[in-house]
Structure formats: C-alpha cells, structure tokens
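Student: The structure is given below, and queries will be raised subsequently.
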2 protein chains.
Amino acid sequence: MNTGNKALKDVVGIGNAMVDVLAHADEAFLAHHGLAKGAMTLVDAPRAAGIHKAMGHAVEMSGGSVGNTMAGLAALGGTGSYIGKVHNDQLGRIFHHDLESLGITFSTAPALDGAPTARCLVIVTPDGQRSMATYLGACTELGPEDIAAETICGHRVTYLEGYLWDSPRAREAMVKAARIAHAAGGQVALTLSDPFCVDRHRDSFRDLILNHVDILFANEAEIISLYQARDVYAALERGRGDCRVVAVTRSEKGSLIASGDMVYPVNIVPVEWVVDTTGAGDLYAAGVLFGITHGYDLAKSGRIGAIAAAEIVSHLGARPEANLSELVQQSL
Amino acid sequence: MNTGNKALKDVVGIGNAMVDVLAHADEAFLAHHGLAKGAMTLVDAPRAAGIHKAMGHAVEMSGGSVGNTMAGLAALGGTGSYIGKVHNDQLGRIFHHDLESLGITFSTAPALDGAPTARCLVIVTPDGQRSMATYLGACTELGPEDIAAETICGHRVTYLEGYLWDSPRAREAMVKAARIAHAAGGQVALTLSDPFCVDRHRDSFRDLILNHVDILFANEAEIISLYQARDVYAALERGRGDCRVVAVTRSEKGSLIASGDMVYPVNIVPVEWVVDTTGAGDLYAAGVLFGITHGYDLAKSGRIGAIAAAEIVSHLGARPEANLSELVQQSL
C-alpha cells in the first residue's frame, strides 16, 4: 500500500447513514417483536414506529456501521471522508455534524424530498448483545451519482458497507467506487455486515469480492456462510484466495487476519464489563484500516483493532468516547 | 397533602420540552462562545447552529428541566403527566416517546407549523459542570390553551418550570394552571431554574411565589438572588414566609428543606466520580416531590432527592439509567 503520498487521506467509507436509538430491553422483547438476536432486521416505517413505541426511554447517537468505523478512524488519528445519504432533516443534520466534528468530510448532498433519515433501533439485552431493527429511509436513495471520482481518488482505501448491497442503486454506487479506486491505485475494503445479509446475497457477494475487494472484514458466522464452509479456517482458506487480506472477528476468541500463506491470530483486549457490543466489529475494522494505512504490519493492525473494539464494548453506543490514539500508544 | 385519593396521580409538570445535545469541551470553548459556566444561555437558531457546529461528536437525549424531573419521578415509582410544546418533527417525537415510555402521559398537541422542537446544547467541562445554550423553538408557542383543567385536577402537585417565565404566553399558562390546581385542592411547586432567569424576573417571580406557590425549589445562587439576601439562611427565612416548603440545593454541601419554623439539612449521597452534573437539581426535585406525594416526611423526602441526584451525576445525561426505586429502597 502506498502510505507515502501525504496528499492522500486514509479511508473513504460508503455506508448507510443512520442515527441509532439505543435502549435496554430483555430477550422477551426481541421474541415479541420478531427480532433476531445479535443481527439486523430491516423494518418498514410503521413497524419501526411500533417497535420504538414499545421501547423504553432511549439515547440517540449517530451510527451506521461504516459511519462508526470512520468515527473510530478519526479517533485513532486517521483521516477520511464519508459517502452516505441522509435526508435534510434534524437527524440528518445531527449525523452530518457528528462526522464533520471529528474531521471526517461528509459531502454527500442530503435528499430534499422522499423518506426521512434512516434510524436503527438498537435493543441492548442484559448480556450486552445488541439486536437491531433498521428503517432505511433516505439511505435507499444512494446511487452512483453520489460517487465523485475526485473523492474516491483522494483516499488510500475505499471501504464499502455490505448492508448497501440490499439496494440495487447502491450496488451500482459500490461497484463504481471500487472501479475508480483501483484505477487510481487505491485499495478496496468490504465488510460483510451481517450473516442474514450474506444469506440474501451469497453469490453476488462472492463475485463482488473476487472482482473488486482487496481487504475483507467479516465475523465468523458471516464468512462461514459466505463460503458455506465447515469452519472458520476453511472459510479463511477460501477468502485469502479471493483477496489480499481477510480479517475475521470471533467475539471473545479474538480475531484472525489472513494474507497470502499467513494467518495471524489476534487476542481480544479484556474489559472489566461488556456493557454493549454495538459497534465492536465496526471499531475493529477502524483499527485494522488505521494500521494498514499507517504502515503497521497485519498483526499490529489487528491489535489496534482489538484495542478500539475493547473501548466501544465498555460503554453504551457505537462511537468512541475515549481518545483511541492515546489508548493505542499506551498499549502497542 | 391529600395522598390518600388513589384516583389522583402524583405530579403534572409544565416545562420547556427539549432534546439535549451533550458533548465534552473545555473552558476555553465556553469563553469563545460566550456561555456562562454552570448556567443556561438563550440563543437564537443561527447561534445555536454555530455552537453546535463547533461542538464535538455528541449524544442526544430528551431533556428539559421539568421533563427530567418527571422521568425521575417515574423511575422512583411515581405517576404523572407532562405539559410542554414540541413541534411535530423527529426530535419532538423522540421527546414524546421518551416520556410516554416511562408511563408519563404527554398529551400536549405538537405544533404543526412554526419553529422546530427546542434543543439544549450542553457542554460538559472536565470538572463535570454543565453549561447550556438553549434554542427555545416550539417551546415559545406554549400558551394557556395548552392547560386542560381535567389534567391539572387529576394530580396532587402541579410543578412549574421557572424558565417558562421568559415567555408571556407561557406565564399565562402557569398562572392558569396554578389557579386550577388550588381550586381543586392541589399544591403548586415551582423551580427557579437558573440564577440569570431570577435576575431577569425577580419582582414578578416574587409575586408568583407569594400568590401561587406552595413548594419552592431553588439552588443557593437562585434563592439569594431572588430575595437579594446576604446568605442562604437569610433567603430561606424569607422563602418560608412566602410558601409552605422551600428546598434549596447547595452542590456538595447538600440541601436544606425549610417548612414553618423548621430547617432540615440533607447531606449529599457521595458518588465515586462526578461525570456530569446535568439534571442534578431536576432529579433532586423528583425525589422530594416523590417523597411529599407518598407521605414521607420532609427529611426523608430530601434524602430521596439526594439519592436520585447522586445517580444522575454519575453518568452522562439528565435522565436516570438505574432503577431509582430500588436505590431508594436500599438506602432509606
């Protein structure tokens, strides 16, 4: 990777721009509302309203998987931009503010009509697991016209959110961005986002990865599902044939980073109490992308990911509260 | 107080309905933006936008002084209703949800045109103190037409937010509510809200208190300013001539509750680390009002207030995260 060109920023992320609405609830709440534990369920506006009504007092903060990663990257001292679609409404302006205030450039024009800014209802159960009901709203309007070549070319890595693959026009945007990135000598990263998302799109995801992806992020369930493999090692074997780097998170078992013939195991950074796992994978990706774009080897990059993930699970919400850059300097 | 009529709910609160936007910043930020430390500064929409732009990544949650008190009352096991004006927008619906989800009835019709839902930009400095810039938005449209006699009559205490006194039509609403409450045999409580608010309205506040208020909440600076007294004890002397109960908070020195010839000192409940003082006074009022409406004596009511305040200063935000009812049962 070209980490020497100082004019380039580190990462441009493309994702579903949404505000998280976080509340605590028990397992019965998930069952009652038909939400899969630990996963993301897409809901329409009336169902989102019904679930929100049943939720307790909540806290709102900007979210979105790649949005969280970009916030983490900034907190680590990295630089970047974000492409995603909000509506020109209160939640959209909050989302915009929260990235820009971290130094992340967010230049996608907001939608002036159509659906409101997306929101993700996050139910945190007593074990710290998060289950999500997402109303996509304005996110569904992201299309190839939102991908500006000069934005993509200005970054070392273009990072794509797997959730976007649900929308045909967002798919076009992702492929367009990947082509521009490669033509400019950049790298393309993808997160698989969710095992159900992989189930919905297995074959087309494999094509996307084989043809356009250099760095793949997944958790164990996602990559096993993607390759219909018997275990994570068999899946990794397949993955590292398809792309240059594959990083797989495994909850309390840490993560594995594979590249060429090597597999680097990475331990978790223990935390006193897991409050809320929302954003753990997103912040792990932030750490690995920060490491890769700053000339760290893969083992160290994985360690930075583990440090960032540890910070995020120790409090409510998926955006960092601590100075991750300092945490990394203390722990590396 | 009639605590025996089971058909009555405990408290109906009338206040500025707003969403808090909380972020950490240093003292220089306050100076640069002309914000008085520990107090509330009213700002117009452009100035609010400028301060928000300069703030870091934030967390949003429902707030408003009396809104926080009602949330605290509900968390203590109390019952009640809320009267306040939001716009029919995203933040308004979030505010509405957060009270209703706690069992607090919020039946004020949202404004369909005019200004958006109010927000309070809360800057938390490293010492845990909060300084606020409030854009009142839809709150300024609250008027006497929003006071339904049947709502006021259904509660033991009508609790008024001093901040409302800035708006002439809200003043009418407050006086109307107080008259209805007294005609129905209920009590009227008032919080002075802010020393600058007292400075703006000293004489008319004194009239309001003398003519309409049974239970007065203030902090030390507010009540000294109200009565232009030499110290808190001289101010208390004046206050208990004007109303039945006067409760004065004094930060780490605890609080004083005066009634008739008696003054009850109440110690603080120590917390390991003061994270954010936002809502401390609001939650103290929740505890005292809960105590008074549930037949506790004033000393015990003050103790419940101290327990609720201790919970709120130990985390970011002005709405309780713990089960206050359990905390009180353990500590009383």
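Identifiers in this document derive from the order of the structure tokens: chains are assigned A, B, ..., residues are numbered from 1 separately in each chain, and ligands are numbered from 1 in order of occurrence.
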Residues of stretch 98-311 of chain A classed as helix (DSSP H, G or I) by DSSP on the backbone are to be reported as a PyMOL selection string.
Tutor: chain A and resi 98-100+137-141+144-146+149-153+162-166+168-183+195-200+202-212+220-227+232-242+251-253+280-293+298-311
Student: Any chance you could tabulate, as CSV, the residues of chain B at most 12 Å from chain A with each one's nearest atom pair and distance in Å to one decimal, using only C-alpha atoms, in chain and rising number order?
Tutor:
residue,atom,partner,partner_atom,distance
B:Val19,CA,A:Glu60,CA,10.1
B:Asp20,CA,A:Glu60,CA,10.1
B:Val21,CA,A:Ile94,CA,9.4
B:Leu22,CA,A:Met61,CA,10.2
B:Ala23,CA,A:Glu321,CA,10.1
B:His24,CA,A:Glu321,CA,9.7
B:Ala49,CA,A:His97,CA,10.1
B:Gly50,CA,A:His97,CA,11.1
B:Ile51,CA,A:His97,CA,11.2
B:His52,CA,A:His97,CA,7.9
B:Lys53,CA,A:His97,CA,6.5
B:Ala54,CA,A:Ser101,CA,7.2
B:Met55,CA,A:Ser101,CA,6.8
B:Gly56,CA,A:Ser101,CA,5.1
B:His57,CA,A:Asp98,CA,4.5
B:Ala58,CA,A:Asp98,CA,6.5
B:Val59,CA,A:Met61,CA,5.0
B:Glu60,CA,A:Glu60,CA,4.9
B:Met61,CA,A:Val59,CA,5.0
B:Ser62,CA,A:Val59,CA,7.8
B:Gly63,CA,A:Val59,CA,10.8
B:Asn68,CA,A:His57,CA,11.5
B:Ala71,CA,A:His57,CA,8.9
B:Gly72,CA,A:His57,CA,11.5
B:Ala74,CA,A:His57,CA,11.1
B:Ala75,CA,A:His57,CA,10.6
B:His87,CA,A:Gln90,CA,11.7
B:Asn88,CA,A:Gln90,CA,11.7
B:Asp89,CA,A:Gln90,CA,8.0
B:Gln90,CA,A:Gln90,CA,6.6
B:Leu91,CA,A:Gln90,CA,7.1
B:Gly92,CA,A:Gln90,CA,10.2
B:Arg93,CA,A:Lys53,CA,10.1
B:Ile94,CA,A:Ala58,CA,8.4
B:Phe95,CA,A:His57,CA,9.2
B:His96,CA,A:Lys53,CA,9.9
B:His97,CA,A:Lys53,CA,6.5
B:Asp98,CA,A:His57,CA,4.5
B:Leu99,CA,A:His57,CA,7.1
B:Glu100,CA,A:His57,CA,8.4
B:Ser101,CA,A:Gly56,CA,5.0
B:Leu102,CA,A:His57,CA,6.6
B:Gly103,CA,A:Gly56,CA,9.6
B:Ile104,CA,A:His57,CA,11.1
B:Pro116,CA,A:Gln90,CA,9.1
B:Thr117,CA,A:Gln90,CA,9.6
B:Ala118,CA,A:Gln90,CA,11.3
B:Arg119,CA,A:Gln90,CA,10.8
B:His315,CA,A:His315,CA,10.9
B:Leu316,CA,A:Val59,CA,10.7
B:Gly317,CA,A:Val59,CA,9.3
B:Ala318,CA,A:Val59,CA,11.0
B:Arg319,CA,A:His57,CA,8.6
B:Pro320,CA,A:His57,CA,9.4
B:Glu321,CA,A:His57,CA,9.2
B:Ala322,CA,A:His24,CA,11.1
Student: Among the residues of stretch 228-321 of chain A, find those DSSP assigns to strand (DSSP E or B) from the backbone and print them as a PyMOL selection string.
Tutor: chain A and resi 245-249+255-259+262-266
Student: Quick one: residues within 8 Å of stretch 261-269 of chain A, only C-alpha atoms counted, chain neighbours fewer than 6 positions away excluded, as a PyMOL selection string?
Tutor: chain A and resi 252-255+298-299+302-303+306-307+310
Student: Near A:Met70, counting only C-alpha atoms, which residues have an atom at most 7 Å away, once you skip same-chain residues fewer than 4 positions from it, shown as a PyMOL selection string?
Tutor: chain A and resi 13+66+74+286
Student: When you look at B:Tyr227 with a cut-off of 10 Å (counting only C-alpha atoms), what residues show up, excluding the ones that are within fewer than 5 positions of it in the same chain? I need them as a ChimeraX atom specification.
Tutor: /B:198,202-203,206,222,232,234-239
Student: Quick one: distance from atom CA of B:Ala17 to atom CA of B:Ser107 in Å, one decimal?
Tutor: 12.3 Å
Student: Show which residues sit within 7 Å of stretch 123-128 of chain A, as number ranges by chain. Count only C-alpha atoms, and ignore same-chain residues fewer than 4 positions away.
Tutor: A: 22-27, 132, 274-277
Student: Do a neighbour search on A:His201 at 12 Å with only C-alpha atoms, toss out local chain neighbours closer than 6 positions, and write the hits as a list in words.
Tutor: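 That gives Gly162, Tyr163, Leu164, Trp165, Asp166, Ser167, Pro168, Arg171, Leu192, Ser193, Asp194, Pro195, Asp207, Leu208, Ile209, Glu222, Ser225, Leu226 and Tyr227 of chain A.
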Student: Choose the residue, out of A:Ala36, A:Ala258, A:Phe205, A:Val11, that has the smallest atom-to-atom separation from A:His155; count only C-alpha atoms.
Tutor: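 Residue with the minimum atom-to-atom distance to A:His155: A:Val11.
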